[in-house]
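Trainee: File name target26.cif; file contents mmCIF, C-alpha atoms and all ligand atoms; full text below.
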```
data_my_file
#
loop_
_atom_site.label_atom_id
_atom_site.label_comp_id
_atom_site.auth_asym_id
_atom_site.auth_seq_id
_atom_site.Cartn_x
_atom_site.Cartn_y
_atom_site.Cartn_z
CA MET A 86 35.06 38.18 -29.81
CA ASN A 87 32.38 35.90 -31.24
CA LYS A 88 28.80 35.44 -30.03
CA LYS A 89 29.61 32.33 -27.98
CA GLN A 90 32.46 34.10 -26.17
CA ILE A 91 30.23 37.09 -25.47
CA GLU A 92 27.49 34.81 -24.07
CA LYS A 93 30.03 33.03 -21.89
CA ARG A 94 31.37 36.33 -20.61
CA VAL A 95 27.86 37.64 -19.84
CA LEU A 96 27.01 34.43 -17.96
CA ARG A 97 30.23 34.65 -15.93
CA THR A 98 29.46 38.28 -15.07
CA ILE A 99 25.93 37.35 -13.95
CA GLU A 100 27.31 34.46 -11.90
CA LYS A 101 29.80 36.80 -10.20
CA ALA A 102 27.13 39.42 -9.56
CA ILE A 103 24.86 36.81 -7.92
CA SER A 104 27.74 35.44 -5.84
CA LEU A 105 28.73 38.94 -4.69
CA SER A 106 25.09 39.85 -3.96
CA PHE A 107 24.74 36.77 -1.76
CA ALA A 108 27.96 37.63 0.07
CA ILE A 109 26.79 41.20 0.68
CA ALA A 110 23.27 40.14 1.72
CA PHE A 111 24.03 37.04 3.79
CA GLY A 112 27.80 36.74 4.07
CA LYS A 113 29.78 37.33 7.21
CA ARG A 114 32.34 40.09 7.11
CA VAL A 115 35.84 39.11 8.14
CA LYS A 116 38.10 41.06 10.49
CA PRO A 117 40.33 43.81 9.04
CA SER A 118 43.37 41.73 10.09
CA VAL A 119 42.10 38.85 7.90
CA ILE A 120 41.49 41.21 4.98
CA ALA A 121 45.06 42.49 5.32
CA LYS A 122 46.48 38.94 5.32
CA ARG A 123 44.41 37.96 2.28
CA VAL A 124 45.46 41.04 0.34
CA GLU A 125 49.07 40.25 1.23
CA VAL A 126 48.62 36.73 -0.22
CA CYS A 127 46.96 38.17 -3.33
CA SER A 128 49.73 40.72 -3.87
CA LYS A 129 52.12 37.78 -4.46
CA CYS A 130 49.70 35.76 -6.62
CA GLU A 131 50.27 35.32 -10.35
CA ASN A 132 46.58 36.10 -10.91
CA VAL A 133 46.62 39.59 -9.46
CA GLN A 134 46.37 42.63 -11.72
CA TYR A 135 46.47 46.37 -11.12
CA LYS A 136 43.87 48.16 -13.20
CA GLY A 137 42.72 51.66 -13.97
CA LYS A 138 43.98 55.12 -13.19
CA PHE A 139 44.31 54.31 -9.48
CA LYS A 140 45.91 50.90 -10.08
CA VAL A 141 43.23 49.04 -8.13
CA MET A 142 44.24 45.50 -7.23
CA ARG A 143 42.00 42.92 -8.89
CA CYS A 144 41.86 39.17 -9.08
CA SER A 145 42.04 38.21 -12.76
CA VAL A 146 40.21 34.93 -12.08
CA CYS A 147 36.97 36.67 -11.10
CA ASN A 148 37.87 40.31 -11.88
CA CYS A 149 36.86 41.36 -8.37
CA PRO A 150 38.56 44.24 -6.55
CA LEU A 151 40.84 43.52 -3.61
CA THR A 152 41.55 46.25 -1.08
CA LYS A 153 42.92 46.48 2.45
CA ASP A 154 40.07 48.71 3.57
CA ASN A 155 36.70 47.41 4.68
CA ARG A 156 34.66 48.55 1.69
CA LEU A 157 31.66 46.59 0.43
CA LEU A 158 33.03 45.73 -3.01
CA ASN A 159 36.04 43.84 -1.80
CA LEU A 160 36.54 40.16 -2.57
CA ALA A 161 38.69 39.81 0.54
CA GLY A 162 36.00 41.26 2.81
CA PHE A 163 33.71 38.26 3.29
CA GLN A 164 33.97 34.76 4.68
CA GLU A 165 34.60 32.19 1.97
CA THR A 166 31.78 29.89 0.90
CA ARG A 167 31.46 27.21 -1.77
CA HIS A 168 30.61 29.90 -4.31
CA TYR A 169 32.47 32.89 -2.95
CA GLY A 170 36.11 33.64 -2.26
CA CYS A 171 39.49 32.92 -3.79
CA LYS A 172 38.97 30.90 -6.95
CA HIS A 173 42.61 30.14 -7.66
CA PRO A 174 42.85 27.20 -10.11
CA ASP A 175 44.94 25.26 -7.53
CA GLY A 176 42.39 25.90 -4.77
CA SER A 177 41.86 28.76 -2.38
CA LYS A 178 45.04 30.52 -1.31
CA TRP A 179 43.20 31.94 1.70
CA LYS A 180 42.79 28.65 3.54
CA GLY A 181 43.56 29.03 7.22
CA LEU A 182 43.13 32.81 7.15
S1 LIG A 201 43.42 33.75 -7.26
FE1 LIG A 201 43.08 34.02 -5.07
S2 LIG A 201 45.06 34.60 -4.25
FE2 LIG A 201 45.13 34.94 -6.44
S3 LIG A 201 44.54 37.07 -6.73
FE3 LIG A 201 42.69 35.84 -6.93
S4 LIG A 201 41.79 35.85 -4.88
FE4 LIG A 201 43.93 36.47 -4.68
#
```
Show me this structure written as C-alpha cells.
Ligand code: SF4
Mentor:
Amino acid sequence: MNKKQIEKRVLRTIEKAISLSFAIAFGKRVKPSVIAKRVEVCSKCENVQYKGKFKVMRCSVCNCPLTKDNRLLNLAGFQETRHYGCKHPDGSKWKGL
C-alpha cells in the first residue's frame, strides 16, 4: 500500500468515525423489528462479509458491524441520514424499512 492509499484509508476511517459519532450522539435509534429487517436485507447483499473469530457480519462498503441485537456499534441500529446508513453503490437497500 502506498502513501496515497494509506492517506485515503485514514481519511475514510475518520469520516466513518465522525458519521458514527453523530449517529450515536444525535441519531434516532430504530425499533428492533427494523434492525432485524435490515440485517435480513444485508445478509443477502453482495457487500456483506463475515469477519473475525466470531464471524461478525460487516458491510464491506463502510466496514461497519451489523447485528440483530440493539448494541451501540451497529450500522443497522440508527435512522438513516444523508451521511449515515446503507451506502450501497446502487443506493440504500434499506429504503422503506
Ligand atoms: S451495502 Fe447496504 S445492504 Fe449491503 S451490506 Fe452494506 S449496509 Fe447492508
Trainee: Using all atoms listed in the file, find each protein or nucleic acid residue lying at most 7 Å from ligand LIG 201 (chain A); present the set as a compact mmCIF listing (two decimals) with C-alpha atoms, in the coordinates of the input.
Mentor:
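selection18.txt written:
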```txt
# COMPACT_ATOMS: atom_id res chain seq x y z
CA VAL A 124 45.46 41.04 0.34
CA VAL A 126 48.62 36.73 -0.22
CA CYS A 127 46.96 38.17 -3.33
CA SER A 128 49.73 40.72 -3.87
CA CYS A 130 49.70 35.76 -6.62
CA GLU A 131 50.27 35.32 -10.35
CA ASN A 132 46.58 36.10 -10.91
CA VAL A 133 46.62 39.59 -9.46
CA ARG A 143 42.00 42.92 -8.89
CA CYS A 144 41.86 39.17 -9.08
CA SER A 145 42.04 38.21 -12.76
CA VAL A 146 40.21 34.93 -12.08
CA GLY A 170 36.11 33.64 -2.26
CA CYS A 171 39.49 32.92 -3.79
CA LYS A 172 38.97 30.90 -6.95
CA HIS A 173 42.61 30.14 -7.66
CA SER A 177 41.86 28.76 -2.38
CA LYS A 178 45.04 30.52 -1.31
CA TRP A 179 43.20 31.94 1.70
```
Trainee: List the spatial neighbours of Arg97 of chain A as a list in words - criterion: any atom at most 9 Å away, all atoms listed in the file, same-chain residues fewer than 5 positions off excluded.
Mentor: Glu92, Ala102 and Cys147 of chain A
Trainee: Using all atoms listed in the file, what does the table of segment 91-152 of chain A residues within 10 Å of segment 157-168 of chain A look like, with each row giving the shortest atom pair and its distance in Å to one decimal, sorted by chain and ascending number, as a tab-separated table?
Mentor:
```
residue	atom	partner	partner_atom	distance
A:Glu100	CA	A:His168	CA	9.4
A:Lys101	CA	A:His168	CA	9.1
A:Ile103	CA	A:His168	CA	9.7
A:Ser104	CA	A:His168	CA	6.4
A:Leu105	CA	A:Leu160	CA	8.2
A:Ser106	CA	A:Leu158	CA	9.9
A:Phe107	CA	A:His168	CA	9.4
A:Ala108	CA	A:Phe163	CA	6.6
A:Ile109	CA	A:Leu157	CA	7.3
A:Phe111	CA	A:Phe163	CA	9.8
A:Gly112	CA	A:Phe163	CA	6.2
A:Lys113	CA	A:Gln164	CA	5.5
A:Arg114	CA	A:Phe163	CA	4.5
A:Val115	CA	A:Phe163	CA	5.4
A:Lys116	CA	A:Gly162	CA	8.0
A:Pro117	CA	A:Gly162	CA	8.0
A:Val119	CA	A:Ala161	CA	8.2
A:Ile120	CA	A:Ala161	CA	5.4
A:Ala121	CA	A:Ala161	CA	8.4
A:Lys122	CA	A:Ala161	CA	9.2
A:Arg123	CA	A:Ala161	CA	6.3
A:Val124	CA	A:Ala161	CA	6.9
A:Cys127	CA	A:Ala161	CA	9.3
A:Met142	CA	A:Asn159	CA	10.0
A:Arg143	CA	A:Leu160	CA	8.8
A:Cys144	CA	A:Leu160	CA	8.5
A:Cys147	CA	A:Leu160	CA	9.2
A:Asn148	CA	A:Leu160	CA	9.4
A:Cys149	CA	A:Leu160	CA	5.9
A:Pro150	CA	A:Asn159	CA	5.4
A:Leu151	CA	A:Asn159	CA	5.1
A:Thr152	CA	A:Asn159	CA	6.1
```
Trainee: Could you write out as JSON the box around segment 100-114 of chain A (axis-aligned, all atoms listed in the file, 4 Å on each side), with centre and edge lengths in Å to one decimal?
Mentor:
```
{"center_x": 27.8, "center_y": 37.8, "center_z": -2.3, "size_x": 17.1, "size_y": 14.7, "size_z": 27.1}
```
Trainee: For a test of reading the model, state the distance in Å between atom CA of Gln134 of chain A and atom CA of Tyr169 of chain A, rounded to one decimal.
Mentor: 19.1 Å
Trainee: In Å, how far is it from atom CA of Arg156 of chain A to atom CA of Ile99 of chain A?
Mentor: 21.1 Å
Trainee: Figure out the distance between atom CA of Thr98 of chain A and atom CA of Lys140 of chain A, please, to one decimal in Å.
Mentor: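 Going from atom CA of Lys140 of chain A over to atom CA of Thr98 of chain A covers 21.3 Å.
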Trainee: Select segment 104-145 of chain A in the preceding structure and write N, CA and C atoms to a file as an mmCIF file, in the first residue's frame.
Mentor:
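Final output, saved to selection-v7.cif:
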```
data_model
loop_
_atom_site.group_PDB
_atom_site.id
_atom_site.type_symbol
_atom_site.label_atom_id
_atom_site.label_comp_id
_atom_site.auth_asym_id
_atom_site.auth_seq_id
_atom_site.Cartn_x
_atom_site.Cartn_y
_atom_site.Cartn_z
ATOM 1 N N SER A 104 -19.139 10.117 11.266
ATOM 2 C CA SER A 104 -20.522 9.765 10.926
ATOM 3 C C SER A 104 -21.156 8.899 12.017
ATOM 4 N N LEU A 105 -20.407 7.926 12.515
ATOM 5 C CA LEU A 105 -20.911 7.058 13.586
ATOM 6 C C LEU A 105 -21.100 7.847 14.879
ATOM 7 N N SER A 106 -20.141 8.744 15.179
ATOM 8 C CA SER A 106 -20.251 9.564 16.391
ATOM 9 C C SER A 106 -21.508 10.417 16.362
ATOM 10 N N PHE A 107 -21.805 10.999 15.198
ATOM 11 C CA PHE A 107 -23.007 11.819 15.053
ATOM 12 C C PHE A 107 -24.257 10.967 15.253
ATOM 13 N N ALA A 108 -24.231 9.759 14.683
ATOM 14 C CA ALA A 108 -25.400 8.874 14.824
ATOM 15 C C ALA A 108 -25.612 8.530 16.287
ATOM 16 N N ILE A 109 -24.526 8.213 17.001
ATOM 17 C CA ILE A 109 -24.635 7.845 18.413
ATOM 18 C C ILE A 109 -25.092 9.045 19.252
ATOM 19 N N ALA A 110 -24.521 10.229 18.955
ATOM 20 C CA ALA A 110 -24.835 11.416 19.753
ATOM 21 C C ALA A 110 -26.213 11.988 19.440
ATOM 22 N N PHE A 111 -26.569 12.050 18.171
ATOM 23 C CA PHE A 111 -27.799 12.757 17.785
ATOM 24 C C PHE A 111 -28.814 11.892 17.037
ATOM 25 N N GLY A 112 -28.381 10.707 16.612
ATOM 26 C CA GLY A 112 -29.259 9.881 15.790
ATOM 27 C C GLY A 112 -30.378 9.231 16.576
ATOM 28 N N LYS A 113 -31.417 8.908 15.859
ATOM 29 C CA LYS A 113 -32.559 8.228 16.492
ATOM 30 C C LYS A 113 -32.377 6.733 16.312
ATOM 31 N N ARG A 114 -32.546 6.009 17.394
ATOM 32 C CA ARG A 114 -32.469 4.550 17.307
ATOM 33 C C ARG A 114 -33.716 4.036 16.591
ATOM 34 N N VAL A 115 -33.547 2.948 15.869
ATOM 35 C CA VAL A 115 -34.712 2.353 15.209
ATOM 36 C C VAL A 115 -35.196 1.160 16.034
ATOM 37 N N LYS A 116 -36.416 0.726 15.758
ATOM 38 C CA LYS A 116 -37.007 -0.387 16.512
ATOM 39 C C LYS A 116 -36.262 -1.685 16.218
ATOM 40 N N PRO A 117 -36.233 -2.600 17.191
ATOM 41 C CA PRO A 117 -35.589 -3.903 16.959
ATOM 42 C C PRO A 117 -36.136 -4.627 15.726
ATOM 43 N N SER A 118 -37.434 -4.429 15.430
ATOM 44 C CA SER A 118 -38.015 -5.094 14.249
ATOM 45 C C SER A 118 -37.391 -4.543 12.960
ATOM 46 N N VAL A 119 -37.062 -3.246 12.971
ATOM 47 C CA VAL A 119 -36.427 -2.620 11.795
ATOM 48 C C VAL A 119 -34.987 -3.133 11.669
ATOM 49 N N ILE A 120 -34.293 -3.214 12.794
ATOM 50 C CA ILE A 120 -32.921 -3.738 12.780
ATOM 51 C C ILE A 120 -32.925 -5.143 12.170
ATOM 52 N N ALA A 121 -33.870 -5.963 12.621
ATOM 53 C CA ALA A 121 -33.943 -7.349 12.123
ATOM 54 C C ALA A 121 -34.170 -7.384 10.616
ATOM 55 N N LYS A 122 -35.053 -6.514 10.115
ATOM 56 C CA LYS A 122 -35.331 -6.472 8.669
ATOM 57 C C LYS A 122 -34.099 -6.009 7.891
ATOM 58 N N ARG A 123 -33.410 -5.015 8.422
ATOM 59 C CA ARG A 123 -32.206 -4.508 7.750
ATOM 60 C C ARG A 123 -31.136 -5.588 7.676
ATOM 61 N N VAL A 124 -30.929 -6.260 8.806
ATOM 62 C CA VAL A 124 -29.898 -7.305 8.846
ATOM 63 C C VAL A 124 -30.252 -8.439 7.872
ATOM 64 N N GLU A 125 -31.546 -8.703 7.743
ATOM 65 C CA GLU A 125 -32.006 -9.715 6.785
ATOM 66 C C GLU A 125 -31.645 -9.279 5.354
ATOM 67 N N VAL A 126 -31.864 -8.011 5.043
ATOM 68 C CA VAL A 126 -31.507 -7.471 3.719
ATOM 69 C C VAL A 126 -30.001 -7.594 3.517
ATOM 70 N N CYS A 127 -29.234 -7.196 4.527
ATOM 71 C CA CYS A 127 -27.766 -7.226 4.438
ATOM 72 C C CYS A 127 -27.238 -8.655 4.254
ATOM 73 N N SER A 128 -27.891 -9.612 4.898
ATOM 74 C CA SER A 128 -27.401 -10.990 4.816
ATOM 75 C C SER A 128 -27.440 -11.522 3.382
ATOM 76 N N LYS A 129 -28.259 -10.885 2.528
ATOM 77 C CA LYS A 129 -28.367 -11.310 1.123
ATOM 78 C C LYS A 129 -27.597 -10.387 0.185
ATOM 79 N N CYS A 130 -26.933 -9.384 0.741
ATOM 80 C CA CYS A 130 -26.225 -8.385 -0.079
ATOM 81 C C CYS A 130 -24.838 -8.894 -0.477
ATOM 82 N N GLU A 131 -24.431 -8.536 -1.677
ATOM 83 C CA GLU A 131 -23.104 -8.947 -2.163
ATOM 84 C C GLU A 131 -21.973 -8.241 -1.411
ATOM 85 N N ASN A 132 -22.310 -7.191 -0.668
ATOM 86 C CA ASN A 132 -21.285 -6.438 0.058
ATOM 87 C C ASN A 132 -21.097 -6.886 1.501
ATOM 88 N N VAL A 133 -21.807 -7.908 1.909
ATOM 89 C CA VAL A 133 -21.669 -8.333 3.299
ATOM 90 C C VAL A 133 -20.481 -9.297 3.435
ATOM 91 N N GLN A 134 -19.830 -9.196 4.584
ATOM 92 C CA GLN A 134 -18.698 -10.082 4.886
ATOM 93 C C GLN A 134 -18.848 -10.575 6.325
ATOM 94 N N TYR A 135 -18.241 -11.712 6.604
ATOM 95 C CA TYR A 135 -18.254 -12.249 7.964
ATOM 96 C C TYR A 135 -16.807 -12.306 8.423
ATOM 97 N N LYS A 136 -16.487 -11.498 9.442
ATOM 98 C CA LYS A 136 -15.089 -11.349 9.835
ATOM 99 C C LYS A 136 -14.817 -11.792 11.259
ATOM 100 N N GLY A 137 -13.569 -12.184 11.470
ATOM 101 C CA GLY A 137 -13.093 -12.484 12.810
ATOM 102 C C GLY A 137 -13.493 -13.861 13.306
ATOM 103 N N LYS A 138 -13.002 -14.134 14.506
ATOM 104 C CA LYS A 138 -13.236 -15.425 15.161
ATOM 105 C C LYS A 138 -14.726 -15.736 15.313
ATOM 106 N N PHE A 139 -15.518 -14.682 15.595
ATOM 107 C CA PHE A 139 -16.949 -14.879 15.830
ATOM 108 C C PHE A 139 -17.799 -14.636 14.589
ATOM 109 N N LYS A 140 -17.115 -14.472 13.449
ATOM 110 C CA LYS A 140 -17.806 -14.284 12.157
ATOM 111 C C LYS A 140 -18.860 -13.175 12.244
ATOM 112 N N VAL A 141 -18.409 -12.010 12.704
ATOM 113 C CA VAL A 141 -19.306 -10.863 12.821
ATOM 114 C C VAL A 141 -19.651 -10.353 11.426
ATOM 115 N N MET A 142 -20.929 -10.082 11.213
ATOM 116 C CA MET A 142 -21.388 -9.568 9.932
ATOM 117 C C MET A 142 -20.954 -8.113 9.790
ATOM 118 N N ARG A 143 -20.357 -7.797 8.661
ATOM 119 C CA ARG A 143 -19.918 -6.423 8.407
ATOM 120 C C ARG A 143 -20.278 -6.009 6.994
ATOM 121 N N CYS A 144 -20.512 -4.729 6.834
ATOM 122 C CA CYS A 144 -20.727 -4.179 5.497
ATOM 123 C C CYS A 144 -19.350 -3.834 4.940
ATOM 124 N N SER A 145 -19.008 -4.384 3.785
ATOM 125 C CA SER A 145 -17.674 -4.124 3.229
ATOM 126 C C SER A 145 -17.560 -2.730 2.611
#
```
